[in-house]
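A.B. asks: Okay, so here is run12.cif, and as you'll see once you scroll down, it has mmCIF, C-alpha atoms.
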data_work
loop_
_atom_site.label_atom_id
_atom_site.label_comp_id
_atom_site.auth_asym_id
_atom_site.auth_seq_id
_atom_site.Cartn_x
_atom_site.Cartn_y
_atom_site.Cartn_z
CA MET A 89 119.76 31.03 130.16
CA GLY A 90 117.40 28.47 131.69
CA ARG A 91 114.72 27.22 129.36
CA TRP A 92 111.94 27.89 131.83
CA GLN A 93 113.23 31.22 132.95
CA PRO A 94 110.35 33.64 133.41
CA GLY A 95 110.45 36.19 130.64
CA THR A 96 111.38 33.81 127.83
CA ARG A 97 107.88 34.09 126.43
CA ASP A 98 107.96 37.90 126.44
CA ARG A 99 111.46 37.93 125.01
CA LEU A 100 110.40 35.65 122.15
CA ARG A 101 107.41 37.88 121.49
CA ALA A 102 109.55 41.01 121.32
CA ALA A 103 112.11 39.27 119.10
CA ALA A 104 109.37 38.03 116.77
CA ILE A 105 107.77 41.46 116.35
CA ASP A 106 111.18 42.99 115.63
CA LEU A 107 111.75 40.45 112.87
CA PHE A 108 108.19 40.71 111.48
CA VAL A 109 108.46 44.50 111.22
CA ARG A 110 111.99 44.41 109.81
CA GLN A 111 111.80 41.59 107.27
CA GLY A 112 108.10 40.73 106.99
CA TYR A 113 105.89 38.15 108.72
CA GLU A 114 105.90 35.64 105.86
CA GLN A 115 109.67 35.86 105.50
CA THR A 116 110.39 35.14 109.17
CA THR A 117 110.96 31.56 110.36
CA THR A 118 110.47 30.16 113.86
CA ALA A 119 114.19 29.28 113.84
CA GLU A 120 115.04 32.96 113.37
CA ILE A 121 112.70 33.99 116.17
CA ALA A 122 114.19 31.40 118.51
CA ALA A 123 117.74 32.51 117.67
CA ALA A 124 116.87 36.19 118.16
CA GLY A 125 115.30 35.29 121.52
CA GLY A 126 118.42 33.33 122.56
CA VAL A 127 116.71 29.91 122.77
CA THR A 128 116.55 26.76 120.66
CA GLU A 129 113.68 26.21 118.22
CA ARG A 130 112.60 23.37 120.49
CA THR A 131 112.18 25.85 123.35
CA PHE A 132 110.25 28.18 121.03
CA PHE A 133 107.74 25.39 120.46
CA ARG A 134 107.36 24.88 124.21
CA HIS A 135 105.98 28.43 124.36
CA PHE A 136 104.09 28.80 121.06
CA ALA A 137 102.41 26.30 118.75
CA ASP A 138 103.52 28.22 115.66
CA LYS A 139 104.59 31.61 114.35
CA ARG A 140 101.04 32.97 114.23
CA GLU A 141 100.52 32.02 117.87
CA VAL A 142 103.21 34.55 118.89
CA ILE A 143 100.85 37.27 117.65
CA PHE A 144 97.60 35.84 118.97
CA ALA A 145 98.53 34.10 122.23
CA GLY A 146 96.60 35.33 125.24
CA GLN A 147 93.18 35.55 123.54
CA GLU A 148 91.52 33.70 126.43
CA ASP A 149 93.07 35.99 129.06
CA PHE A 150 92.10 39.02 126.97
CA VAL A 151 88.45 37.95 126.62
CA GLY A 152 88.44 36.81 130.26
CA LEU A 153 89.21 40.35 131.46
CA PHE A 154 86.12 41.76 129.68
CA VAL A 155 83.97 38.96 131.08
CA ASP A 156 85.35 39.38 134.62
CA GLY A 157 84.59 43.09 134.46
CA ILE A 158 80.93 42.21 133.86
CA VAL A 159 80.84 39.40 136.43
CA ARG A 160 82.28 41.64 139.16
CA ALA A 161 80.12 44.73 138.46
CA PRO A 162 77.64 45.66 141.22
CA ASP A 163 73.93 44.90 140.82
CA GLY A 164 71.56 47.30 139.11
CA ARG A 165 73.89 48.31 136.29
CA THR A 166 72.47 49.12 132.84
CA PRO A 167 73.70 47.09 129.83
CA MET A 168 76.01 49.94 128.82
CA GLU A 169 77.37 50.41 132.37
CA LEU A 170 78.25 46.70 132.33
CA ALA A 171 79.88 47.15 128.90
CA ALA A 172 81.86 50.06 130.35
CA ALA A 173 82.95 47.84 133.28
CA ALA A 174 84.18 45.26 130.75
CA LEU A 175 86.15 47.91 128.86
CA GLU A 176 87.62 49.30 132.05
CA ALA A 177 88.76 45.84 133.12
CA SER A 178 90.24 45.13 129.68
CA ALA A 179 92.56 48.11 129.92
CA ALA A 180 94.61 46.17 132.51
CA PHE A 181 95.75 43.97 129.61
CA PHE A 182 97.34 46.99 127.94
CA PRO A 183 99.55 48.98 130.33
CA ASP A 184 101.42 51.90 128.76
CA GLU A 185 104.68 49.93 128.64
CA HIS A 186 103.04 47.56 126.13
CA ARG A 187 102.00 50.38 123.80
CA ASP A 188 105.05 50.17 121.59
CA TYR A 189 104.69 46.40 121.22
CA ALA A 190 100.96 46.82 120.47
CA ARG A 191 101.66 49.46 117.83
CA ARG A 192 104.15 47.26 116.03
CA ARG A 193 101.93 44.18 116.37
CA MET A 194 99.07 46.14 114.77
CA GLU A 195 101.40 47.22 111.96
CA VAL A 196 102.21 43.57 111.25
CA VAL A 197 98.56 42.46 111.44
CA THR A 198 97.19 45.21 109.18
CA THR A 199 99.71 44.49 106.43
CA ASN A 200 98.92 40.76 106.30
CA PRO A 201 95.42 39.71 105.10
CA ALA A 202 95.53 36.29 106.82
CA LEU A 203 96.45 37.88 110.17
CA GLN A 204 93.79 40.53 109.65
CA GLU A 205 91.16 37.79 109.19
CA ARG A 206 92.36 36.11 112.37
CA GLU A 207 92.08 39.44 114.21
CA LEU A 208 88.51 39.92 112.98
CA LEU A 209 87.60 36.46 114.22
CA LYS A 210 89.18 37.30 117.57
CA MET A 211 87.00 40.42 117.83
CA ALA A 212 83.91 38.43 116.82
CA GLY A 213 84.73 35.94 119.57
CA LEU A 214 85.07 38.82 122.02
CA GLY A 215 81.64 40.21 121.04
CA ALA A 216 80.01 36.81 121.50
CA ALA A 217 81.65 36.31 124.91
CA VAL A 218 80.64 39.78 126.15
CA ALA A 219 77.03 39.26 124.96
CA GLN A 220 76.98 35.90 126.76
CA ALA A 221 78.30 37.50 129.98
CA LEU A 222 75.62 40.21 129.74
CA ARG A 223 72.88 37.61 129.30
CA ALA A 224 74.26 35.79 132.36
CA ARG A 225 73.71 39.06 134.27
CA GLY A 226 70.07 39.04 133.18
CA ILE A 227 70.31 41.41 130.20
CA THR A 228 67.88 40.26 127.50
CA GLU A 229 68.24 40.38 123.71
CA PRO A 230 68.63 42.47 121.67
CA GLN A 231 70.10 44.71 124.43
CA ALA A 232 72.85 42.21 125.28
CA THR A 233 74.13 41.99 121.70
CA LEU A 234 73.75 45.73 121.09
CA ALA A 235 75.74 46.60 124.23
CA ALA A 236 78.34 43.89 123.53
CA GLN A 237 78.90 44.99 119.93
CA SER A 238 79.09 48.60 121.09
CA ALA A 239 81.79 47.61 123.58
CA VAL A 240 83.75 45.91 120.78
CA THR A 241 83.33 48.98 118.56
CA VAL A 242 84.54 51.30 121.33
CA PHE A 243 87.46 49.00 122.09
CA GLY A 244 88.51 48.89 118.43
CA VAL A 245 88.44 52.66 117.97
CA ALA A 246 90.09 53.32 121.34
CA PHE A 247 92.80 50.74 120.75
CA ARG A 248 93.69 52.23 117.37
CA THR A 249 93.89 55.67 118.98
CA TRP A 250 95.99 54.34 121.88
CA THR A 251 98.57 52.92 119.45
CA THR A 252 98.79 56.12 117.39
CA GLU A 253 102.30 57.58 117.28
CA GLY A 254 102.58 60.34 119.89
CA GLU A 255 99.43 59.37 121.84
CA THR A 256 100.09 59.52 125.60
CA ARG A 257 96.70 58.94 127.28
CA SER A 258 96.00 55.53 128.84
CA LEU A 259 93.74 53.07 127.04
CA ALA A 260 91.16 53.33 129.86
CA GLU A 261 91.01 57.10 129.43
CA ILE A 262 90.59 56.85 125.66
CA GLU A 263 87.93 54.14 126.05
CA ARG A 264 85.89 56.41 128.31
CA GLU A 265 86.13 59.24 125.81
CA VAL A 266 85.17 57.03 122.84
CA MET A 267 82.28 55.59 124.84
CA GLY A 268 81.00 59.14 125.31
CA GLU A 269 81.41 59.81 121.60
CA LEU A 270 79.45 56.69 120.73
CA GLY A 271 76.63 57.84 123.01
CA ALA A 272 76.61 61.24 121.29
CA VAL A 273 76.67 59.72 117.78
CA THR A 274 73.88 57.20 118.38
CA ALA A 275 71.69 59.71 120.16
CA GLY A 276 71.89 61.99 117.10
CA MET M 268 65.92 25.64 78.90
CA GLY M 269 68.21 28.27 77.43
CA ARG M 270 71.50 28.59 79.19
CA TRP M 271 71.20 32.34 79.57
CA GLN M 272 67.57 32.33 80.49
CA PRO M 273 66.92 34.91 83.20
CA GLY M 274 66.22 33.11 86.41
CA THR M 275 68.84 30.39 86.04
CA ARG M 276 70.96 32.07 88.66
CA ASP M 277 68.11 32.29 91.17
CA ARG M 278 67.06 28.73 90.40
CA LEU M 279 70.58 27.48 91.07
CA ARG M 280 70.70 29.40 94.28
CA ALA M 281 67.40 27.92 95.50
CA ALA M 282 68.48 24.42 94.44
CA ALA M 283 71.80 24.82 96.25
CA ILE M 284 70.25 25.96 99.52
CA ASP M 285 67.79 23.05 99.38
CA LEU M 286 70.68 20.63 99.03
CA PHE M 287 72.85 22.36 101.66
CA VAL M 288 70.04 22.25 104.24
CA ARG M 289 69.04 18.68 103.36
CA GLN M 290 72.40 16.94 103.07
CA GLY M 291 74.97 19.45 104.35
CA TYR M 292 77.14 22.06 102.64
CA GLU M 293 80.33 19.96 102.63
CA GLN M 294 78.52 16.93 101.25
CA THR M 295 76.99 18.78 98.28
CA THR M 296 78.81 18.92 94.94
CA THR M 297 78.46 21.52 92.19
CA ALA M 298 77.33 18.66 89.89
CA GLU M 299 74.39 17.98 92.22
CA ILE M 300 73.47 21.66 92.37
CA ALA M 301 73.58 21.93 88.59
CA ALA M 302 71.44 18.81 88.18
CA ALA M 303 68.90 20.02 90.73
CA GLY M 304 68.76 23.37 88.90
CA GLY M 305 68.23 21.61 85.56
CA VAL M 306 71.49 22.79 83.94
CA THR M 307 74.88 21.29 83.15
CA GLU M 308 77.81 21.74 85.52
CA ARG M 309 79.37 23.87 82.80
CA THR M 310 76.43 26.25 82.98
CA PHE M 311 76.69 26.30 86.78
CA PHE M 312 80.25 27.59 86.42
CA ARG M 313 79.06 30.35 84.06
CA HIS M 314 77.05 31.70 86.98
CA PHE M 315 79.22 30.94 90.01
CA ALA M 316 82.96 30.49 90.47
CA ASP M 317 82.42 27.72 93.04
CA LYS M 318 80.01 26.31 95.58
CA ARG M 319 80.76 28.95 98.18
CA GLU M 320 80.05 31.69 95.67
CA VAL M 321 76.38 30.55 95.52
CA ILE M 322 76.10 31.66 99.15
CA PHE M 323 78.13 34.87 98.91
CA ALA M 324 77.45 36.23 95.41
CA GLY M 325 76.07 39.75 95.36
CA GLN M 326 78.35 41.18 98.08
CA GLU M 327 79.19 44.21 95.93
CA ASP M 328 75.54 44.97 95.21
CA PHE M 329 74.73 44.51 98.89
CA VAL M 330 77.45 46.91 100.07
CA GLY M 331 76.60 49.27 97.19
CA LEU M 332 73.06 49.74 98.50
CA PHE M 333 74.34 50.93 101.89
CA VAL M 334 76.80 53.28 100.22
CA ASP M 335 74.17 54.64 97.80
CA GLY M 336 71.86 55.36 100.70
CA ILE M 337 74.57 57.59 102.18
CA VAL M 338 75.51 59.21 98.85
CA ARG M 339 71.89 60.11 98.08
CA ALA M 340 70.96 61.45 101.55
CA PRO M 341 70.20 65.20 101.72
CA ASP M 342 72.72 67.63 103.17
CA GLY M 343 72.89 68.42 106.86
CA ARG M 344 72.33 64.88 108.10
CA THR M 345 74.02 63.68 111.32
CA PRO M 346 76.32 60.62 111.14
CA MET M 347 73.56 58.42 112.56
CA GLU M 348 70.93 59.79 110.17
CA LEU M 349 73.27 58.88 107.33
CA ALA M 350 73.73 55.42 108.85
CA ALA M 351 69.93 55.12 109.03
CA ALA M 352 69.69 56.11 105.35
CA ALA M 353 72.19 53.35 104.52
CA LEU M 354 70.15 50.79 106.47
CA GLU M 355 66.91 51.92 104.87
CA ALA M 356 68.43 51.56 101.40
CA SER M 357 69.84 48.12 102.25
CA ALA M 358 66.39 46.76 103.02
CA ALA M 359 65.64 46.84 99.27
CA PHE M 360 68.06 43.91 98.97
CA PHE M 361 65.82 41.80 101.22
CA PRO M 362 62.16 41.91 100.15
CA ASP M 363 59.82 39.67 102.14
CA GLU M 364 59.75 37.01 99.39
CA HIS M 365 63.46 36.40 100.05
CA ARG M 366 62.98 35.84 103.75
CA ASP M 367 62.66 32.08 103.52
CA TYR M 368 65.80 31.83 101.39
CA ALA M 369 67.64 34.14 103.79
CA ARG M 370 66.59 32.06 106.79
CA ARG M 371 67.84 28.84 105.23
CA ARG M 372 71.03 30.51 104.01
CA MET M 373 71.74 31.69 107.56
CA GLU M 374 71.09 28.18 108.85
CA VAL M 375 73.74 26.85 106.47
CA VAL M 376 76.23 29.61 107.30
CA THR M 377 75.92 29.31 111.08
CA THR M 378 76.53 25.56 111.04
CA ASN M 379 79.74 25.80 108.99
CA PRO M 380 82.76 27.52 110.61
CA ALA M 381 84.43 28.36 107.26
CA LEU M 382 81.25 30.00 105.94
CA GLN M 383 80.83 31.83 109.24
CA GLU M 384 84.35 33.27 108.88
CA ARG M 385 83.54 34.38 105.35
CA GLU M 386 80.35 36.04 106.61
CA LEU M 387 82.30 37.90 109.31
CA LEU M 388 84.73 39.18 106.69
CA LYS M 389 81.77 40.31 104.57
CA MET M 390 80.41 42.30 107.52
CA ALA M 391 83.85 43.78 108.20
CA GLY M 392 84.01 44.85 104.55
CA LEU M 393 80.58 46.41 104.90
CA GLY M 394 81.67 48.39 107.97
CA ALA M 395 84.76 49.69 106.20
CA ALA M 396 82.75 50.72 103.10
CA VAL M 397 80.11 52.53 105.17
CA ALA M 398 82.79 54.38 107.18
CA GLN M 399 84.47 55.38 103.92
CA ALA M 400 81.15 56.66 102.50
CA LEU M 401 80.56 58.67 105.69
CA ARG M 402 84.02 60.24 105.48
CA ALA M 403 83.27 61.13 101.85
CA ARG M 404 80.22 63.02 103.17
CA GLY M 405 82.50 65.01 105.48
CA ILE M 406 82.03 63.01 108.70
CA THR M 407 85.31 62.93 110.62
CA GLU M 408 86.80 60.15 112.74
CA PRO M 409 86.00 58.62 115.14
CA GLN M 410 82.36 59.52 114.37
CA ALA M 411 82.48 57.89 110.91
CA THR M 412 83.68 54.53 112.26
CA LEU M 413 81.39 54.65 115.30
CA ALA M 414 78.31 55.33 113.12
CA ALA M 415 79.38 52.75 110.50
CA GLN M 416 79.97 50.02 113.08
CA SER M 417 76.67 50.89 114.74
CA ALA M 418 74.93 50.48 111.37
CA VAL M 419 76.55 47.05 110.95
CA THR M 420 75.51 46.08 114.50
CA VAL M 421 71.91 47.20 113.87
CA PHE M 422 71.83 45.38 110.54
CA GLY M 423 73.11 42.14 112.11
CA VAL M 424 70.57 42.16 114.93
CA ALA M 425 67.71 43.23 112.64
CA PHE M 426 68.58 40.64 110.01
CA ARG M 427 68.61 37.83 112.55
CA THR M 428 65.22 38.99 113.83
CA TRP M 429 63.84 39.27 110.28
CA THR M 430 64.76 35.65 109.56
CA THR M 431 63.25 34.33 112.80
CA GLU M 432 60.50 31.75 112.23
CA GLY M 433 57.10 33.48 112.41
CA GLU M 434 58.45 37.04 112.07
CA THR M 435 56.28 39.06 109.67
CA ARG M 436 57.60 42.65 109.88
CA SER M 437 59.72 43.99 107.03
CA LEU M 438 63.48 44.30 107.46
CA ALA M 439 63.21 48.11 107.19
CA GLU M 440 60.69 48.21 110.03
CA ILE M 441 62.84 45.98 112.25
CA GLU M 442 65.97 48.01 111.44
CA ARG M 443 64.23 51.21 112.60
CA GLU M 444 63.17 49.54 115.83
CA VAL M 445 66.65 48.12 116.54
CA MET M 446 68.19 51.52 115.73
CA GLY M 447 65.96 53.01 118.43
CA GLU M 448 66.97 50.26 120.85
CA LEU M 449 70.66 50.92 120.18
CA GLY M 450 70.11 54.62 120.93
CA ALA M 451 68.40 53.72 124.22
CA VAL M 452 71.13 51.23 125.20
CA THR M 453 74.08 53.52 124.47
CA ALA M 454 72.43 56.50 126.15
CA GLY M 455 72.06 54.44 129.36
#
Take the structure in the file and write it out as structure tokens.
C.D. replies:
Amino acid sequence: MGRWQPGTRDRLRAAAIDLFVRQGYEQTTTAEIAAAGGVTERTFFRHFADKREVIFAGQEDFVGLFVDGIVRAPDGRTPMELAAAALEASAAFFPDEHRDYARRRMEVVTTNPALQERELLKMAGLGAAVAQALRARGITEPQATLAAQSAVTVFGVAFRTWTTEGETRSLAEIEREVMGELGAVTAG
Amino acid sequence: MGRWQPGTRDRLRAAAIDLFVRQGYEQTTTAEIAAAGGVTERTFFRHFADKREVIFAGQEDFVGLFVDGIVRAPDGRTPMELAAAALEASAAFFPDEHRDYARRRMEVVTTNPALQERELLKMAGLGAAVAQALRARGITEPQATLAAQSAVTVFGVAFRTWTTEGETRSLAEIEREVMGELGAVTAG
């Protein structure tokens, strides 16, 4: 197989998650991931800086979707309508065919404290970026931070639900429902 | 001065923050903190495991106040009323005479990425503990997590406001106001 063949990256990711789930994240080497993905270790390092990167690559694209959702929203939207637009846009990052990968990735992350910390930092970075995008749309503080943190909260709860065994609804659908639940909870 | 004299701990904390703000967290040694607090380094280590601990000691007490607020709330409270009880109880941890210390502590934390990470983990731990306390009061998911995360969001925004130069309102008063703002934002 050609080294630059499209799909190598995804194949390495799938191979890595298989190994992480089967034998543990700490116990898996980049050489094993490369072999399972049918490439040399050298090719592995052309795609990912290290083992952890396989799990966290794409952070910029992920955050960028939320931000784009806010940038592209029509004028006159409330802070929470803009947050909803960000959530809606983010769902494109997680089509249903990625659900199984996402579920197993989450399994790996939640059983490893260092990965869990990295995930928390990722979510903190997301909250900061969304608040910044809201301020760029003229939303003042504290509304920008409150709406941004609420979006992160909704995303977290919705994402966990989406990756639950047996769940069939799309992430966008679950996000809308959780958003409604947040409104009901905070109004109470 | 006696090694176990009450107040040594607070004096060390104040001395440490002075040094951190003046010469930088990384550049300050435990020996310098001890000297500035008028004790030996050995005594410093009776009070704190390391330099970072001076900044983060008291996490359990801090989280405990939130949890106690929920445990002690009367029956029949909504998830958000329980979250408000947690916030109200937490304000006891931050009387106005600690505001100056808190402001300078935050200055140190926000200019040091490693301390910032530790602070994020502390807040994540708080969110998990509050959600757990809400579930123990019979609140089901996702309401427990949504209310807990909302409490953490309100606390974060209120705390930053409380430590703003020139701010004179109590933390409890600001928390109530931010709670109202969150309700208005998420209803919109």
A.B. asks: Taking into account only C-alpha atoms, which residue in the set A:Arg99, A:Arg160, A:Arg191, A:Arg140 is nearest to Ala221 (chain A)?
C.D. replies: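 Comparing A:Arg99, A:Arg160, A:Arg191, A:Arg140 against Ala221 (chain A), the winner is A:Arg160.
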A.B. asks: Fewer than 3 positions away in the same chain doesn't count, so skip those; otherwise give me all residues within 12 Å of Gln237 (chain A), counting only C-alpha atoms, as a PyMOL selection string.
C.D. replies: (chain A and resi 167-168+171-172+175+211-220+222+230-234+240-244+270) or (chain M and resi 413+416-424+449+452-453)
A.B. asks: Where does the PyMOL selection byres ((chain M and resi 431) around 12) land in this file, that is, which residues does it pick, as a list in words?
C.D. replies: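 After applying the PyMOL selection byres ((chain M and resi 431) around 12), what remains is Arg366, Asp367, Tyr368, Ala369, Arg370, Arg371, Met373, Glu374, Val424, Ala425, Phe426, Arg427, Thr428, Trp429, Thr430, Glu432, Gly433, Glu434, Thr435, Arg436, Ser437, Leu438 and Ile441 of chain M.
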A.B. asks: Could you please take those selected residues and save C-alpha atoms as a short mmCIF file (atom, residue, chain, number, x, y, z; two decimals), in the frame of the given file?
C.D. replies:
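The result, stored in result-v4.cif:
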data_model
loop_
_atom_site.label_atom_id
_atom_site.label_comp_id
_atom_site.auth_asym_id
_atom_site.auth_seq_id
_atom_site.Cartn_x
_atom_site.Cartn_y
_atom_site.Cartn_z
CA ARG M 366 62.98 35.84 103.75
CA ASP M 367 62.66 32.08 103.52
CA TYR M 368 65.80 31.83 101.39
CA ALA M 369 67.64 34.14 103.79
CA ARG M 370 66.59 32.06 106.79
CA ARG M 371 67.84 28.84 105.23
CA MET M 373 71.74 31.69 107.56
CA GLU M 374 71.09 28.18 108.85
CA VAL M 424 70.57 42.16 114.93
CA ALA M 425 67.71 43.23 112.64
CA PHE M 426 68.58 40.64 110.01
CA ARG M 427 68.61 37.83 112.55
CA THR M 428 65.22 38.99 113.83
CA TRP M 429 63.84 39.27 110.28
CA THR M 430 64.76 35.65 109.56
CA GLU M 432 60.50 31.75 112.23
CA GLY M 433 57.10 33.48 112.41
CA GLU M 434 58.45 37.04 112.07
CA THR M 435 56.28 39.06 109.67
CA ARG M 436 57.60 42.65 109.88
CA SER M 437 59.72 43.99 107.03
CA LEU M 438 63.48 44.30 107.46
CA ILE M 441 62.84 45.98 112.25
#
A.B. asks: Once the PyMOL selection byres ((chain M and resi 352) around 12) has been applied to the shown file, what residues remain in the selection, as an NGL selection string?
C.D. replies: :M and (332-341 or 344-351 or 353-359 or 397 or 400-401 or 414-415 or 418 or 439 or 442-443 or 446)
A.B. asks: May I have the residues within 8 Å of Tyr113 (chain A) as a VMD selection string, using only C-alpha atoms and disregarding those fewer than 6 positions away in the same chain?
C.D. replies: chain A and resid 107 196 200
A.B. asks: State, in Å with one decimal place, the distance from CA of Glu185 (chain A) to CA of Phe150 (chain A).
C.D. replies: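 Separation between CA of Glu185 (chain A) and CA of Phe150 (chain A): 16.7 Å.
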A.B. asks: For the PyMOL selection byres ((chain A and resi 103) around 10), applied here, can you spell out every residue it catches as a list in words?
C.D. replies: Arg97, Asp98, Arg99, Leu100, Arg101, Ala102, Ala104, Ile105, Asp106, Leu107, Phe108, Glu120, Ile121, Ala122, Ala123, Ala124, Gly125 and Gly126 of chain A
A.B. asks: How many Å lie between CA of Ala272 (chain A) and CA of Ala454 (chain M), rounded to one decimal?
C.D. replies: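 According to the coordinates, CA of Ala272 (chain A) and CA of Ala454 (chain M) are separated by 8.0 Å.
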A.B. asks: Could you state the separation of CA of Arg309 (chain M) and CA of Thr297 (chain M) in Å, given to one decimal place?
C.D. replies: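 The value is 9.7 Å.
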